[in-house]
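Structure below is data-v7.csv: CSV, C-alpha atoms and all ligand atoms.
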chain,number,residue,atom,x,y,z
A,1,MET,CA,17.2,-19.2,15.9
A,2,LEU,CA,14.1,-17.1,15.1
A,3,ARG,CA,13.3,-16.9,11.4
A,4,VAL,CA,11.6,-13.7,10.3
A,5,ALA,CA,10.2,-12.6,6.9
A,6,VAL,CA,10.6,-8.9,5.8
A,7,PRO,CA,9.2,-7.4,2.5
A,8,ASN,CA,12.0,-7.2,-0.1
A,9,LYS,CA,10.2,-4.7,-2.4
A,10,GLY,CA,7.2,-2.3,-2.5
A,11,THR,CA,5.6,0.2,-0.2
A,12,LEU,CA,6.3,-1.8,3.0
A,13,SER,CA,10.0,-2.7,2.4
A,14,GLU,CA,11.8,0.5,3.5
A,15,PRO,CA,9.6,1.3,6.6
A,16,ALA,CA,9.7,-2.3,7.7
A,17,ALA,CA,13.5,-2.4,7.6
A,18,ALA,CA,13.8,1.0,9.3
A,19,MET,CA,11.5,-0.1,12.1
A,20,LEU,CA,13.5,-3.3,12.7
A,21,ARG,CA,16.8,-1.3,12.7
A,22,GLU,CA,15.2,1.1,15.3
A,23,ALA,CA,14.3,-2.0,17.4
A,24,GLY,CA,18.0,-3.0,17.4
A,25,TYR,CA,18.1,-5.6,14.6
A,26,ARG,CA,20.6,-5.9,11.9
A,27,GLN,CA,19.2,-5.3,8.4
A,28,ARG,CA,20.6,-5.7,4.9
A,29,THR,CA,23.0,-3.2,3.4
A,30,GLU,CA,22.5,-4.4,-0.2
A,31,ALA,CA,19.0,-4.2,-1.6
A,32,ARG,CA,19.5,-7.5,-3.5
A,33,ASP,CA,20.4,-9.6,-0.4
A,34,LEU,CA,17.8,-12.2,0.4
A,35,THR,CA,18.9,-13.1,3.9
A,36,VAL,CA,20.6,-11.4,6.8
A,37,LEU,CA,22.0,-13.2,9.9
A,38,ASP,CA,21.8,-11.2,13.1
A,39,THR,CA,23.8,-13.4,15.5
A,40,ALA,CA,23.7,-10.9,18.4
A,41,ASN,CA,19.9,-11.3,18.5
A,42,ASP,CA,19.8,-14.9,17.3
A,43,VAL,CA,17.5,-14.0,14.4
A,44,GLU,CA,17.7,-14.7,10.7
A,45,PHE,CA,15.8,-12.3,8.3
A,46,PHE,CA,14.5,-13.5,5.0
A,47,PHE,CA,13.6,-10.8,2.4
A,48,LEU,CA,10.6,-12.0,0.4
A,49,ARG,CA,7.8,-10.7,-1.8
A,50,PRO,CA,5.2,-9.1,0.5
A,51,LYS,CA,2.5,-11.3,-1.1
A,52,ASP,CA,4.4,-14.5,-0.2
A,53,ILE,CA,5.2,-13.7,3.4
A,54,ALA,CA,1.9,-14.9,5.0
A,55,VAL,CA,2.2,-18.2,3.1
A,56,TYR,CA,5.7,-18.9,4.6
A,57,VAL,CA,4.5,-17.9,8.1
A,58,GLY,CA,1.2,-19.7,7.9
A,59,SER,CA,2.9,-22.9,6.8
A,60,GLY,CA,5.3,-22.7,9.8
A,61,GLU,CA,8.5,-22.4,7.6
A,62,LEU,CA,9.1,-19.0,9.2
A,63,ASP,CA,8.2,-17.9,12.7
A,64,LEU,CA,7.3,-14.3,12.1
A,65,GLY,CA,6.7,-11.9,9.2
A,66,ILE,CA,5.9,-8.3,8.4
A,67,THR,CA,3.3,-7.8,5.7
A,68,GLY,CA,0.1,-5.9,4.9
A,69,ARG,CA,-3.2,-7.1,6.6
A,70,ASP,CA,-4.9,-7.1,3.2
A,71,LEU,CA,-2.1,-9.4,1.7
A,72,ALA,CA,-2.3,-11.7,4.7
A,73,GLN,CA,-6.1,-12.0,4.4
A,74,GLU,CA,-5.9,-12.5,0.7
A,75,SER,CA,-3.5,-15.4,1.1
A,76,GLY,CA,-5.9,-17.3,3.3
A,77,ALA,CA,-2.9,-18.4,5.4
A,78,GLU,CA,-3.5,-19.4,9.0
A,79,VAL,CA,-1.8,-16.4,10.6
A,80,HIS,CA,-2.4,-14.3,13.6
A,81,GLU,CA,-1.6,-10.5,14.0
A,82,LEU,CA,0.7,-9.8,16.9
A,83,VAL,CA,1.4,-6.1,16.4
A,84,GLU,CA,-0.1,-3.3,14.2
A,85,LEU,CA,3.0,-1.5,13.0
A,86,GLY,CA,1.4,1.9,12.2
A,87,PHE,CA,2.6,2.3,8.5
A,88,GLY,CA,1.4,1.2,5.1
A,89,HIS,CA,-2.2,2.3,5.9
A,90,SER,CA,-4.5,1.7,3.0
A,91,SER,CA,-8.2,0.9,2.3
A,92,PHE,CA,-9.1,-1.9,-0.1
A,93,ARG,CA,-12.2,-0.7,-1.9
A,94,TYR,CA,-14.5,-1.1,-4.9
A,95,ALA,CA,-14.2,1.7,-7.5
A,96,GLY,CA,-15.9,2.4,-10.9
A,97,PRO,CA,-16.1,5.1,-13.5
A,98,ALA,CA,-17.0,8.5,-11.9
A,99,GLU,CA,-19.7,9.3,-14.6
A,100,ARG,CA,-22.3,7.3,-12.7
A,101,GLU,CA,-23.2,6.6,-9.1
A,102,TRP,CA,-22.3,3.2,-7.9
A,103,HIS,CA,-23.7,0.8,-5.2
A,104,VAL,CA,-22.3,-2.6,-4.3
A,105,ALA,CA,-25.5,-4.2,-5.6
A,106,ASP,CA,-24.6,-2.8,-9.1
A,107,LEU,CA,-21.7,-5.3,-9.2
A,108,ALA,CA,-24.1,-8.2,-10.0
A,109,GLY,CA,-23.3,-9.5,-13.4
A,110,LYS,CA,-20.3,-7.1,-13.8
A,111,ARG,CA,-16.7,-7.9,-14.6
A,112,ILE,CA,-14.4,-7.0,-11.7
A,113,ALA,CA,-10.6,-6.8,-11.8
A,114,SER,CA,-8.5,-6.9,-8.7
A,115,ALA,CA,-5.1,-7.9,-7.4
A,116,TYR,CA,-7.0,-9.4,-4.4
A,117,PRO,CA,-9.6,-11.7,-6.0
A,118,ASN,CA,-10.1,-13.9,-2.9
A,119,LEU,CA,-11.1,-10.8,-0.8
A,120,VAL,CA,-13.4,-9.7,-3.5
A,121,ARG,CA,-15.1,-13.0,-4.0
A,122,ALA,CA,-15.6,-13.4,-0.2
A,123,ASP,CA,-17.0,-9.8,0.1
A,124,LEU,CA,-19.4,-10.3,-2.8
A,125,ALA,CA,-20.5,-13.6,-1.5
A,126,ALA,CA,-21.2,-11.9,1.9
A,127,HIS,CA,-23.4,-9.4,0.1
A,128,GLY,CA,-25.1,-12.2,-1.9
A,129,ILE,CA,-23.9,-10.7,-5.2
A,130,GLU,CA,-22.9,-12.9,-8.2
A,131,PRO,CA,-20.4,-11.1,-10.5
A,132,ALA,CA,-19.9,-12.1,-14.2
A,133,GLU,CA,-16.2,-12.7,-13.4
A,134,VAL,CA,-13.5,-11.6,-11.1
A,135,THR,CA,-10.2,-11.3,-12.9
A,136,ARG,CA,-6.9,-11.4,-11.0
A,137,LEU,CA,-4.3,-8.8,-12.1
A,138,ASP,CA,-0.9,-8.2,-10.6
A,139,GLY,CA,-0.9,-4.4,-10.4
A,140,ALA,CA,-1.9,-1.1,-12.2
A,141,VAL,CA,-5.5,-2.3,-11.7
A,142,GLU,CA,-6.9,1.2,-12.2
A,143,ILE,CA,-6.2,1.0,-16.0
A,144,SER,CA,-8.1,-2.2,-16.6
A,145,ILE,CA,-11.5,-0.4,-17.0
A,146,GLN,CA,-10.3,2.0,-19.7
A,147,LEU,CA,-8.6,-0.9,-21.5
A,148,GLY,CA,-12.0,-2.7,-21.6
A,149,LEU,CA,-11.0,-5.7,-19.4
A,150,ALA,CA,-13.4,-4.8,-16.5
A,151,ASP,CA,-16.5,-2.8,-15.6
A,152,ALA,CA,-15.3,-2.1,-12.0
A,153,ILE,CA,-12.3,-2.8,-9.8
A,154,ALA,CA,-11.4,-3.5,-6.2
A,155,ASP,CA,-8.0,-2.0,-5.3
A,156,VAL,CA,-5.8,-0.6,-2.7
A,157,VAL,CA,-6.5,3.1,-2.0
A,158,GLY,CA,-3.8,5.2,-0.3
A,159,SER,CA,-4.1,8.9,-1.0
A,160,GLY,CA,-6.8,8.3,-3.7
A,161,ARG,CA,-4.6,10.0,-6.3
A,162,THR,CA,-4.5,7.0,-8.7
A,163,LEU,CA,-8.3,6.6,-8.7
A,164,ARG,CA,-8.8,10.4,-9.4
A,165,GLN,CA,-6.2,10.3,-12.2
A,166,HIS,CA,-8.2,7.5,-13.9
A,167,GLY,CA,-11.6,9.1,-13.5
A,168,LEU,CA,-12.7,6.5,-10.9
A,169,VAL,CA,-14.7,6.8,-7.6
A,170,ALA,CA,-14.5,4.5,-4.7
A,171,PHE,CA,-17.8,3.1,-3.4
A,172,GLY,CA,-19.3,0.8,-0.8
A,173,ASP,CA,-17.8,0.0,2.6
A,174,VAL,CA,-14.1,-0.5,3.0
A,175,ILE,CA,-13.5,-4.2,2.3
A,176,CYS,CA,-10.2,-4.2,4.3
A,177,ALA,CA,-8.7,-1.4,6.4
A,178,SER,CA,-5.1,-2.4,6.1
A,179,GLN,CA,-1.7,-1.5,7.6
A,180,ALA,CA,1.6,-3.3,8.1
A,181,VAL,CA,1.3,-6.0,10.7
A,182,LEU,CA,3.6,-8.5,12.4
A,183,ILE,CA,2.2,-11.9,11.9
A,184,THR,CA,2.9,-15.4,13.3
A,185,ARG,CA,1.3,-18.8,12.6
A,186,ASN,CA,-2.1,-19.4,14.2
A,187,GLY,CA,-1.6,-22.8,15.6
A,188,ALA,CA,-4.4,-22.5,18.2
A,189,ALA,CA,-7.7,-24.4,17.9
A,190,PRO,CA,-10.8,-22.1,17.4
A,191,GLY,CA,-11.5,-20.2,20.7
A,192,GLU,CA,-8.1,-21.1,22.2
A,193,THR,CA,-5.5,-18.4,22.9
A,194,PRO,CA,-2.4,-19.0,20.8
A,195,GLN,CA,0.8,-19.9,22.8
A,196,ILE,CA,3.5,-17.4,21.9
A,197,ALA,CA,7.1,-18.6,22.4
A,198,GLN,CA,9.5,-16.3,24.3
A,199,PRO,CA,11.8,-15.3,21.4
A,200,VAL,CA,8.7,-14.4,19.3
A,201,ARG,CA,7.3,-12.3,22.3
A,202,GLN,CA,10.6,-10.5,22.6
A,203,LEU,CA,10.8,-9.4,18.9
A,204,ALA,CA,7.1,-8.4,19.1
A,205,ASN,CA,7.7,-6.3,22.3
A,206,ARG,CA,10.7,-4.6,20.7
A,207,LEU,CA,8.6,-3.6,17.7
A,208,ARG,CA,5.7,-2.5,19.9
A,209,GLY,CA,8.2,-0.3,21.8
A,210,VAL,CA,9.1,1.5,18.6
A,211,VAL,CA,5.5,1.8,17.4
A,212,LEU,CA,4.4,3.3,20.7
A,213,ALA,CA,7.5,5.6,20.9
A,214,GLN,CA,6.4,7.0,17.5
A,215,GLN,CA,3.0,7.8,18.8
A,216,TYR,CA,4.3,10.0,21.7
A,217,VAL,CA,6.8,12.9,22.3
A,218,MET,CA,8.6,13.7,25.5
A,219,LEU,CA,7.7,17.2,26.8
A,220,ASP,CA,10.1,19.0,29.2
A,221,TYR,CA,9.3,22.4,30.7
A,222,ASP,CA,10.0,24.7,33.6
A,223,CYS,CA,7.1,25.8,35.6
A,224,PRO,CA,6.5,28.1,38.7
A,225,ARG,CA,5.6,25.9,41.7
A,226,SER,CA,2.4,27.9,42.1
A,227,LEU,CA,1.2,26.7,38.7
A,228,LEU,CA,2.3,23.1,39.0
A,229,GLU,CA,-1.1,21.6,39.7
A,230,ARG,CA,-2.6,23.3,36.6
A,231,ALA,CA,0.4,22.4,34.4
A,232,THR,CA,0.3,18.7,35.4
A,233,ALA,CA,-3.4,18.7,34.7
A,234,ILE,CA,-2.4,19.6,31.1
A,235,THR,CA,0.4,17.0,31.0
A,236,PRO,CA,-0.7,14.1,33.3
A,237,GLY,CA,1.9,11.8,31.7
A,238,LEU,CA,1.2,8.0,31.6
A,239,GLU,CA,1.5,7.2,35.3
A,240,SER,CA,2.2,10.7,36.5
A,241,PRO,CA,4.7,13.4,35.4
A,242,THR,CA,8.3,13.6,36.7
A,243,VAL,CA,8.7,16.8,38.8
A,244,ALA,CA,12.3,17.8,39.7
A,245,PRO,CA,13.5,20.9,41.7
A,246,LEU,CA,15.4,23.7,40.0
A,247,ALA,CA,18.2,25.8,41.5
A,248,GLU,CA,15.6,28.6,41.7
A,249,PRO,CA,13.4,27.4,44.6
A,250,ASP,CA,10.1,28.8,43.2
A,251,TRP,CA,10.4,26.8,40.0
A,252,VAL,CA,10.3,23.1,39.1
A,253,ALA,CA,11.2,21.1,35.9
A,254,VAL,CA,8.4,18.8,34.6
A,255,ARG,CA,8.8,15.9,32.2
A,256,ALA,CA,5.8,14.0,30.7
A,257,MET,CA,5.0,11.9,27.7
A,258,VAL,CA,2.3,13.4,25.4
A,259,PRO,CA,0.5,11.9,22.4
A,260,ARG,CA,2.3,13.2,19.3
A,261,ALA,CA,-0.9,14.4,17.7
A,262,GLU,CA,-1.6,16.6,20.8
A,263,ALA,CA,1.9,17.9,21.3
A,264,ASN,CA,1.4,21.4,19.7
A,265,PRO,CA,-1.9,22.3,21.4
A,266,VAL,CA,-0.5,21.1,24.7
A,267,MET,CA,2.7,23.2,24.3
A,268,ASP,CA,0.5,26.2,23.4
A,269,ALA,CA,-1.6,25.7,26.6
A,270,LEU,CA,1.6,25.4,28.8
A,271,ALA,CA,3.1,28.5,27.3
A,272,GLU,CA,-0.2,30.4,27.9
A,273,LEU,CA,-0.2,29.2,31.5
A,274,GLY,CA,3.2,30.6,32.2
A,275,ALA,CA,5.6,27.6,31.6
A,276,LYS,CA,9.0,28.4,30.1
A,277,ALA,CA,11.5,26.5,28.0
A,278,VAL,CA,8.8,24.0,26.7
A,279,LEU,CA,10.8,21.4,24.7
A,280,ALA,CA,9.4,18.5,22.7
A,281,SER,CA,11.7,15.6,21.8
A,282,ASP,CA,11.3,12.3,20.0
A,283,ILE,CA,11.3,9.0,21.9
A,284,ARG,CA,13.2,6.2,20.0
A,285,SER,CA,11.8,3.2,21.9
A,286,CYS,CA,10.0,2.4,25.1
A,287,ARG,CA,8.4,-0.4,27.2
A,288,LEU,CA,5.2,0.9,28.8
A,301,LIG,N1,-0.3,3.7,-2.2
A,301,LIG,C1,-0.3,3.0,-1.1
A,301,LIG,N2,-0.4,3.5,0.1
A,301,LIG,C2,-0.4,2.8,1.3
A,301,LIG,N3,-0.3,1.5,1.3
A,301,LIG,C3,-0.1,0.9,0.2
A,301,LIG,C4,-0.1,1.6,-1.1
A,301,LIG,N4,0.1,0.7,-2.0
A,301,LIG,C5,0.2,-0.5,-1.4
A,301,LIG,N5,0.1,-0.4,-0.1
A,301,LIG,C6,0.1,-1.5,0.9
A,301,LIG,O1,1.4,-2.1,0.8
A,301,LIG,C7,1.3,-3.5,0.9
A,301,LIG,C8,2.0,-4.2,-0.2
A,301,LIG,O2,1.7,-3.5,-1.4
A,301,LIG,P1,2.8,-3.3,-2.5
A,301,LIG,O3,2.2,-2.4,-3.5
A,301,LIG,O4,4.1,-2.8,-1.8
A,301,LIG,O5,3.1,-4.7,-3.0
A,301,LIG,P2,3.1,-5.2,-4.4
A,301,LIG,O6,1.9,-4.5,-5.1
A,301,LIG,O7,3.1,-6.7,-4.3
A,301,LIG,O8,4.5,-4.6,-4.9
A,301,LIG,P3,4.7,-3.7,-6.1
A,301,LIG,O9,3.7,-2.6,-6.1
A,301,LIG,O10,6.1,-3.2,-5.9
A,301,LIG,O11,4.6,-4.6,-7.3
A,301,LIG,C9,-0.2,-3.8,0.9
A,301,LIG,O12,-0.5,-4.1,2.3
A,301,LIG,C10,-0.9,-2.5,0.5
A,301,LIG,O13,-2.1,-2.3,1.2
A,302,LIG,O1,-4.3,6.0,-3.6
A,302,LIG,P1,-2.9,6.2,-4.0
A,302,LIG,O2,-2.0,6.9,-3.0
A,302,LIG,O3,-2.8,6.8,-5.4
A,302,LIG,O4,-2.2,4.7,-4.1
A,302,LIG,C1,-2.9,3.6,-4.6
A,302,LIG,C2,-2.1,2.9,-5.6
A,302,LIG,O5,-0.8,2.5,-5.0
A,302,LIG,C3,-0.7,1.1,-5.2
A,302,LIG,O6,0.0,0.9,-6.4
A,302,LIG,P2,1.5,0.5,-6.6
A,302,LIG,O7,2.4,1.8,-6.7
A,302,LIG,O8,1.9,-0.4,-5.5
A,302,LIG,O9,1.6,-0.2,-8.0
A,302,LIG,P3,0.9,-1.6,-8.4
A,302,LIG,O10,-0.6,-1.2,-8.7
A,302,LIG,O11,1.6,-2.0,-9.5
A,302,LIG,O12,1.0,-2.5,-7.2
A,302,LIG,C4,-2.1,0.6,-5.3
A,302,LIG,O13,-2.2,-0.6,-6.0
A,302,LIG,C5,-2.8,1.7,-6.1
A,302,LIG,O14,-2.6,1.6,-7.4
A,303,MG,MG,1.6,-2.4,-5.3
Transcribe the structure of this file into structure tokens.
Ligand SMILES: Nc1ncnc2c1ncn2[C@@H]1O[C@H](COP(=O)(O)OP(=O)(O)OP(=O)(O)O)[C@@H](O)[C@H]1O
Ligand SMILES: O=P(O)(O)OC[C@H]1O[C@H](OP(=O)(O)OP(=O)(O)O)[C@H](O)[C@@H]1O
Ligand SMILES: [Mg+2]
Amino acid sequence: MLRVAVPNKGTLSEPAAAMLREAGYRQRTEARDLTVLDTANDVEFFFLRPKDIAVYVGSGELDLGITGRDLAQESGAEVHELVELGFGHSSFRYAGPAEREWHVADLAGKRIASAYPNLVRADLAAHGIEPAEVTRLDGAVEISIQLGLADAIADVVGSGRTLRQHGLVAFGDVICASQAVLITRNGAAPGETPQIAQPVRQLANRLRGVVLAQQYVMLDYDCPRSLLERATAITPGLESPTVAPLAEPDWVAVRAMVPRAEANPVMDALAELGAKAVLASDIRSCRL
């Protein structure tokens, strides 16, 4: 039986469970449940703190886990990313009081607070910078400067709202561009390709199917035969579009996948060209 860790709380918890449900797996109905057995798929899910997930997976106690890339890197666990899940996007960055301009070099001799001290120490070492101290906090890191604990922070930035609210500005390169990832243990020697067992590959492929489906929409439209070539140049599909006859012999029905971000401009172009009944629908899952 496959053993899979899922965040039990925080930003990643709901979207991770929703994605697993969409991929056909049973998830908990009670927010306090710590395990769920999905006998139909031969998987047991363990609901753990997002911070602990890479530790369980890296030690081999669990086969797979969903966590943030930043958390996995901070843990130092020997894990390998199988799938980028497309949610929980954030940037882990330095920030300091907005009254002055900051450069990473200014952190020399400064007190830095962060919930990810290992990432901070590694990044400062890579820059050859010696801080006065790096203090580990559990959360609400943005307040530590006004409370006098730190001169600067390194923290997760989503919309940037929390930094602005506390009069802070981000500076320096992004230390970790994070999102939710499906991880497994990295048992391979350096330079070797990890061997992925079939049940692990299957769960990864099902999640990949949902992630990809969310990045596309299905477009259907009717088009005069005389415009088909120009219309299919606008919607080439993945391999090529499906073209089916209509009862009216001068018209055809066309079906093609289109990247979600391009759906509206593509629909505008088709309507402009002379296509009718241009419909966009969601795709739930796919294997491409
Ligand atoms: N505001 C945000 N926007 C986007 N991603 C975020 C945000 N806050 C956290 N994350 C991401 O979510 C993951 C887990 O962070 P989360 O805040 O849920 O855990 P936590 O801090 O341990 O839990 P909690 O905040 O409930 O105590 C990390 O990968 C982080 O990058
Ligand atoms: O850029 P924003 O969209 O404002 O988001 C960033 C904030 O979100 C997270 O906090 P969370 O709510 O997880 O609380 P925590 O600090 O206690 O973890 C993160 O630690 C930042 O504080
Ligand atoms: Mg948090």
With only C-alpha atoms and all ligand atoms counted, collect every polymer residue having an atom within 10 Å of ligand LIG 302 (chain A); state the result as a PyMOL selection string.
chain A and resi 9-12+90-92+114-115+137-143+154-165
Given the choices A:Tyr94, A:Ala152, A:Glu61, A:Arg69, which gets closest to Gly109 of chain A if the distance is worked out from all atoms listed in the file?
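Of all the options, A:Ala152 lies closest to Gly109 of chain A.
Closest approach to ligand MG 303 (chain A) among A:Lys51, A:Arg26, A:Arg206, A:Arg21 is made by A:Lys51 (distances from all atoms listed in the file).
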Among the residues A:Tyr116, A:Met19, A:His166, A:Asn41, the one that comes closest to Arg284 of chain A [using all atoms listed in the file]:
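Using all atoms listed in the file, Arg284 of chain A sits closest to A:Met19.
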Please write as an MDAnalysis selection string the list of polymer residues whose atoms come within 9 Å of (7.2, 29.6, 37.9), counting only C-alpha atoms and keeping to the coordinates of the file.
chainID A and resid 222:228 250:252 274:276
Using all atoms listed in the file: which of A:Ala23, A:Gly60, A:Pro131, A:Glu101 has the shortest distance to Arg3 of chain A
A:Gly60
May I ask which of the residues A:Ile145, A:Glu239, A:Ser13, A:Val4 is the closest one to Leu64 of chain A, counting all atoms listed in the file?
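Checking each candidate against Leu64 of chain A, we get A:Val4 as the closest.
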Which residue of A:Ala95, A:Ala17, A:Ala180, A:Met218 approaches ligand LIG 301 (chain A) most closely, using all atoms listed in the file
A:Ala180
Computed interatomic separation between atom CA of Ile66 of chain A and atom P1 of ligand LIG 301 (chain A) (Å):
12.4 Å
I want to know what sits within 10 Å of segment 186-197 of chain A, based on all atoms listed in the file, with residues of the same chain fewer than 4 positions away left out; could you give that as number ranges by chain?
A: 57-60, 63, 77-82, 201-202
Repair of segment 230-255 of chain A at the level of N, CA and C atoms, as a PDB file, in the frame of the given file:
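Dumped to part06.pdb:
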ATOM      1  N   ARG A 230      -1.929  23.081  37.916  1.00  0.00           N
ATOM      2  CA  ARG A 230      -2.600  23.300  36.600  1.00  0.00           C
ATOM      3  C   ARG A 230      -1.813  22.810  35.467  1.00  0.00           C
ATOM      4  N   ALA A 231      -0.485  22.916  35.552  1.00  0.00           N
ATOM      5  CA  ALA A 231       0.400  22.400  34.400  1.00  0.00           C
ATOM      6  C   ALA A 231       0.276  20.907  34.333  1.00  0.00           C
ATOM      7  N   THR A 232       0.309  20.221  35.468  1.00  0.00           N
ATOM      8  CA  THR A 232       0.300  18.700  35.400  1.00  0.00           C
ATOM      9  C   THR A 232      -1.112  18.238  35.011  1.00  0.00           C
ATOM     10  N   ALA A 233      -2.117  19.089  35.173  1.00  0.00           N
ATOM     11  CA  ALA A 233      -3.400  18.700  34.700  1.00  0.00           C
ATOM     12  C   ALA A 233      -3.417  18.696  33.135  1.00  0.00           C
ATOM     13  N   ILE A 234      -2.585  19.565  32.552  1.00  0.00           N
ATOM     14  CA  ILE A 234      -2.400  19.600  31.100  1.00  0.00           C
ATOM     15  C   ILE A 234      -1.586  18.452  30.593  1.00  0.00           C
ATOM     16  N   THR A 235      -0.551  18.079  31.373  1.00  0.00           N
ATOM     17  CA  THR A 235       0.400  17.000  31.000  1.00  0.00           C
ATOM     18  C   THR A 235       0.372  15.928  32.108  1.00  0.00           C
ATOM     19  N   PRO A 236      -0.672  15.102  32.186  1.00  0.00           N
ATOM     20  CA  PRO A 236      -0.700  14.100  33.300  1.00  0.00           C
ATOM     21  C   PRO A 236       0.304  12.973  33.113  1.00  0.00           C
ATOM     22  N   GLY A 237       0.906  12.864  31.918  1.00  0.00           N
ATOM     23  CA  GLY A 237       1.900  11.800  31.700  1.00  0.00           C
ATOM     24  C   GLY A 237       1.131  10.441  31.633  1.00  0.00           C
ATOM     25  N   LEU A 238       1.892   9.337  31.659  1.00  0.00           N
ATOM     26  CA  LEU A 238       1.200   8.000  31.600  1.00  0.00           C
ATOM     27  C   LEU A 238       0.848   7.572  32.999  1.00  0.00           C
ATOM     28  N   GLU A 239       1.854   7.485  33.909  1.00  0.00           N
ATOM     29  CA  GLU A 239       1.500   7.200  35.300  1.00  0.00           C
ATOM     30  C   GLU A 239       1.226   8.525  35.993  1.00  0.00           C
ATOM     31  N   SER A 240       2.306   9.352  36.068  1.00  0.00           N
ATOM     32  CA  SER A 240       2.200  10.700  36.500  1.00  0.00           C
ATOM     33  C   SER A 240       3.487  11.412  36.070  1.00  0.00           C
ATOM     34  N   PRO A 241       3.518  12.742  35.912  1.00  0.00           N
ATOM     35  CA  PRO A 241       4.700  13.400  35.400  1.00  0.00           C
ATOM     36  C   PRO A 241       5.881  13.360  36.377  1.00  0.00           C
ATOM     37  N   THR A 242       7.121  13.440  35.857  1.00  0.00           N
ATOM     38  CA  THR A 242       8.300  13.600  36.700  1.00  0.00           C
ATOM     39  C   THR A 242       8.423  15.048  37.071  1.00  0.00           C
ATOM     40  N   VAL A 243       8.558  15.368  38.356  1.00  0.00           N
ATOM     41  CA  VAL A 243       8.700  16.800  38.800  1.00  0.00           C
ATOM     42  C   VAL A 243      10.042  16.839  39.538  1.00  0.00           C
ATOM     43  N   ALA A 244      10.964  17.717  39.084  1.00  0.00           N
ATOM     44  CA  ALA A 244      12.300  17.800  39.700  1.00  0.00           C
ATOM     45  C   ALA A 244      12.519  19.281  40.148  1.00  0.00           C
ATOM     46  N   PRO A 245      13.248  19.477  41.285  1.00  0.00           N
ATOM     47  CA  PRO A 245      13.500  20.900  41.700  1.00  0.00           C
ATOM     48  C   PRO A 245      14.475  21.551  40.784  1.00  0.00           C
ATOM     49  N   LEU A 246      14.378  22.871  40.684  1.00  0.00           N
ATOM     50  CA  LEU A 246      15.400  23.700  40.000  1.00  0.00           C
ATOM     51  C   LEU A 246      16.177  24.456  40.987  1.00  0.00           C
ATOM     52  N   ALA A 247      17.318  25.044  40.559  1.00  0.00           N
ATOM     53  CA  ALA A 247      18.200  25.800  41.500  1.00  0.00           C
ATOM     54  C   ALA A 247      17.338  27.002  42.043  1.00  0.00           C
ATOM     55  N   GLU A 248      16.492  27.548  41.202  1.00  0.00           N
ATOM     56  CA  GLU A 248      15.600  28.600  41.700  1.00  0.00           C
ATOM     57  C   GLU A 248      14.430  27.974  42.438  1.00  0.00           C
ATOM     58  N   PRO A 249      14.330  28.210  43.757  1.00  0.00           N
ATOM     59  CA  PRO A 249      13.400  27.400  44.600  1.00  0.00           C
ATOM     60  C   PRO A 249      11.926  27.572  44.217  1.00  0.00           C
ATOM     61  N   ASP A 250      11.543  28.674  43.552  1.00  0.00           N
ATOM     62  CA  ASP A 250      10.100  28.800  43.200  1.00  0.00           C
ATOM     63  C   ASP A 250       9.729  28.134  41.919  1.00  0.00           C
ATOM     64  N   TRP A 251      10.700  27.478  41.253  1.00  0.00           N
ATOM     65  CA  TRP A 251      10.400  26.800  40.000  1.00  0.00           C
ATOM     66  C   TRP A 251      10.728  25.335  40.040  1.00  0.00           C
ATOM     67  N   VAL A 252      10.025  24.560  39.200  1.00  0.00           N
ATOM     68  CA  VAL A 252      10.300  23.100  39.100  1.00  0.00           C
ATOM     69  C   VAL A 252      10.430  22.768  37.577  1.00  0.00           C
ATOM     70  N   ALA A 253      11.105  21.637  37.314  1.00  0.00           N
ATOM     71  CA  ALA A 253      11.200  21.100  35.900  1.00  0.00           C
ATOM     72  C   ALA A 253      10.203  19.937  35.859  1.00  0.00           C
ATOM     73  N   VAL A 254       9.440  19.889  34.760  1.00  0.00           N
ATOM     74  CA  VAL A 254       8.400  18.800  34.600  1.00  0.00           C
ATOM     75  C   VAL A 254       8.742  18.054  33.311  1.00  0.00           C
ATOM     76  N   ARG A 255       8.561  16.752  33.377  1.00  0.00           N
ATOM     77  CA  ARG A 255       8.800  15.900  32.200  1.00  0.00           C
ATOM     78  C   ARG A 255       7.613  14.921  32.087  1.00  0.00           C
TER      79      ARG A 255
END
